[in-house]
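With TSV, C-alpha atoms inside, this is my_file39.tsv:
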chain	number	residue	atom	x	y	z
A	391	MET	CA	103.88	121.83	105.42
A	392	GLY	CA	104.46	125.45	104.63
A	393	GLY	CA	102.11	128.11	103.42
A	394	ASP	CA	101.88	126.32	100.07
A	395	GLY	CA	99.39	123.79	101.42
A	396	TYR	CA	101.51	120.72	100.70
A	397	LEU	CA	102.56	118.20	103.27
A	398	GLY	CA	106.13	117.30	104.07
A	399	GLU	CA	107.32	113.73	103.54
A	400	PHE	CA	107.19	112.75	107.21
A	401	GLU	CA	103.78	114.33	107.66
A	402	GLN	CA	102.51	112.29	104.71
A	403	MET	CA	104.01	109.12	106.14
A	404	LEU	CA	102.41	109.64	109.55
A	405	LEU	CA	99.00	110.40	108.07
A	406	LEU	CA	99.16	107.36	105.80
A	407	ALA	CA	100.32	105.13	108.67
A	408	ALA	CA	97.42	106.44	110.80
A	409	LEU	CA	94.97	105.59	108.02
A	410	HIS	CA	96.39	102.07	107.79
A	411	LEU	CA	96.19	101.55	111.55
A	412	GLY	CA	92.70	102.98	112.01
A	413	GLU	CA	91.59	102.79	115.64
A	414	GLU	CA	95.01	101.47	116.66
A	415	ALA	CA	96.87	104.61	115.53
A	416	TYR	CA	98.95	105.80	118.49
A	417	GLY	CA	102.58	106.88	118.84
A	418	ALA	CA	104.40	103.57	119.26
A	419	ALA	CA	102.21	101.77	116.71
A	420	LEU	CA	102.80	104.56	114.18
A	421	GLY	CA	106.56	104.14	114.61
A	422	GLN	CA	106.26	100.38	114.18
A	423	GLU	CA	104.10	100.84	111.08
A	424	LEU	CA	106.64	103.16	109.47
A	425	GLU	CA	109.48	100.77	110.21
A	426	ALA	CA	107.56	97.77	108.87
A	427	ARG	CA	106.26	99.44	105.70
A	428	VAL	CA	109.13	101.72	104.66
A	429	GLY	CA	112.06	100.63	106.81
A	430	ARG	CA	112.24	103.99	108.55
A	431	ARG	CA	113.01	104.11	112.25
A	432	VAL	CA	111.73	107.25	113.91
A	433	SER	CA	112.05	108.53	117.46
A	434	ARG	CA	108.88	108.84	119.48
A	435	GLY	CA	109.74	112.47	120.05
A	436	ALA	CA	109.68	113.15	116.30
A	437	ILE	CA	106.36	111.35	116.02
A	438	TYR	CA	104.69	113.31	118.83
A	439	VAL	CA	106.04	116.69	117.70
A	440	THR	CA	104.70	116.03	114.21
A	441	LEU	CA	101.36	114.76	115.54
A	442	ASP	CA	101.02	117.96	117.60
A	443	ARG	CA	101.71	120.03	114.48
A	444	LEU	CA	99.23	118.02	112.38
A	445	GLU	CA	96.58	118.39	115.06
A	446	ALA	CA	97.15	122.15	115.31
A	447	LYS	CA	96.59	122.32	111.53
A	448	GLY	CA	93.36	120.34	111.84
A	449	LEU	CA	94.67	117.39	109.83
A	450	ILE	CA	94.27	114.89	112.68
A	451	ARG	CA	92.31	114.74	115.89
A	452	SER	CA	93.27	112.80	118.96
A	453	ALA	CA	91.62	111.34	122.02
A	454	MET	CA	92.91	109.43	124.98
A	455	SER	CA	91.97	105.76	125.23
A	456	ALA	CA	90.85	104.08	128.41
A	457	PRO	CA	93.76	103.04	130.66
A	458	ARG	CA	95.25	99.72	129.56
A	459	ALA	CA	96.55	97.09	131.97
A	460	GLU	CA	99.51	96.18	129.71
A	461	ARG	CA	100.68	99.80	129.83
A	462	GLY	CA	100.67	100.06	133.60
A	463	GLY	CA	97.30	101.77	133.58
A	464	ARG	CA	98.30	104.52	131.17
A	465	PRO	CA	96.01	105.55	128.32
A	466	ARG	CA	97.11	105.90	124.70
A	467	ARG	CA	96.72	108.98	122.54
A	468	ILE	CA	94.74	107.61	119.60
A	469	VAL	CA	94.83	109.73	116.45
A	470	SER	CA	92.52	109.82	113.46
A	471	VAL	CA	92.91	111.64	110.18
A	472	THR	CA	90.32	114.35	109.53
A	473	PRO	CA	88.64	114.91	106.15
A	474	GLU	CA	90.98	117.92	105.72
A	475	GLY	CA	93.94	115.61	106.38
A	476	VAL	CA	92.75	113.22	103.67
A	477	ALA	CA	92.29	116.16	101.27
A	478	GLN	CA	95.82	117.39	101.98
A	479	LEU	CA	97.20	113.89	101.38
A	480	GLN	CA	95.39	113.70	98.06
A	481	ALA	CA	96.66	117.14	97.01
A	482	SER	CA	100.23	116.20	97.93
A	483	ARG	CA	99.96	112.94	96.00
A	484	GLU	CA	98.58	114.69	92.93
A	485	ALA	CA	101.42	117.24	93.06
A	486	LEU	CA	104.03	114.48	93.19
A	487	VAL	CA	102.40	112.50	90.39
A	488	THR	CA	102.38	115.65	88.26
A	489	LEU	CA	106.07	116.22	88.94
A	490	TRP	CA	106.87	112.59	88.03
A	491	ASP	CA	104.92	112.88	84.77
A	492	GLY	CA	107.37	112.55	81.88
A	493	LEU	CA	110.11	111.05	84.04
A	494	GLU	CA	109.00	107.44	83.61
A	495	VAL	CA	112.41	106.66	82.05
A	496	LEU	CA	113.87	107.02	85.54
A	497	GLU	CA	111.67	104.25	86.89
A	498	GLY	CA	113.24	100.81	87.08
Have the structure of the file written as structure tokens, please.
Amino acid sequence: MGGDGYLGEFEQMLLLAALHLGEEAYGAALGQELEARVGRRVSRGAIYVTLDRLEAKGLIRSAMSAPRAERGGRPRRIVSVTPEGVAQLQASREALVTLWDGLEVLEG
């Protein structure tokens, strides 16, 4: 996202995946969600760098979960989309819909 206020494609995908996952939105699960829904494999590094950027912009917030036995006692960084994040998603969607307007002949 630049100074224009619109989200990049990967930022949109991560925010949408986080909304789908709800309280189970953490790095590995976000990657699995993207692969399952859109067939896109993403490195964990790319996910965490983008999550850090989204959090710095106030579009997500994160908190560490309690340690989990199946993870060797390590906690997960659970993320949630803020109201500002939802607003940015809606603005990006509206911008894309506007750009697609009149190009319906390209569909299908």
Next on the checklist: For a test of reading the model, state the distance in Å between CA of Arg431 in chain A and CA of Pro473 in chain A, rounded to one decimal.
Outcome noted: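 Atom-to-atom, CA of Arg431 in chain A and CA of Pro473 in chain A are spaced 27.3 Å apart.
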Checklist entry - So how many Å separate CA of Ser452 in chain A and CA of Tyr416 in chain A, to one decimal? => result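 Computing the Euclidean distance for CA of Ser452 in chain A and CA of Tyr416 in chain A yields 9.0 Å.
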Next on the checklist: As an exercise, work out the distance from CA of Gly417 in chain A to CA of Glu401 in chain A in Å and give it to one decimal place.
Outcome noted: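 Between these atoms lies a distance of 13.5 Å.
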Item to check | All residues 10 Å or closer to Gly448 in chain A, all atoms listed in the file, same chain fewer than 6 positions away omitted, as a VMD selection string | outcome: chain A and resid 442 471 to 475
Checklist entry - Could you list as a PyMOL selection string every residue that has an atom within 12 Å of (102.3, 116.1, 94.2), using the file's coordinates and counting all atoms listed in the file? => result chain A and resi 394-399+402+478-491
Once you have the residues from the selection above, write them out as a compact mmCIF listing (two decimals), in the coordinates of the input, restricted to C-alpha atoms.
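File selection_38.txt, as written:
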# COMPACT_ATOMS: atom_id res chain seq x y z
CA ASP A 394 101.88 126.32 100.07
CA GLY A 395 99.39 123.79 101.42
CA TYR A 396 101.51 120.72 100.70
CA LEU A 397 102.56 118.20 103.27
CA GLY A 398 106.13 117.30 104.07
CA GLU A 399 107.32 113.73 103.54
CA GLN A 402 102.51 112.29 104.71
CA GLN A 478 95.82 117.39 101.98
CA LEU A 479 97.20 113.89 101.38
CA GLN A 480 95.39 113.70 98.06
CA ALA A 481 96.66 117.14 97.01
CA SER A 482 100.23 116.20 97.93
CA ARG A 483 99.96 112.94 96.00
CA GLU A 484 98.58 114.69 92.93
CA ALA A 485 101.42 117.24 93.06
CA LEU A 486 104.03 114.48 93.19
CA VAL A 487 102.40 112.50 90.39
CA THR A 488 102.38 115.65 88.26
CA LEU A 489 106.07 116.22 88.94
CA TRP A 490 106.87 112.59 88.03
CA ASP A 491 104.92 112.88 84.77
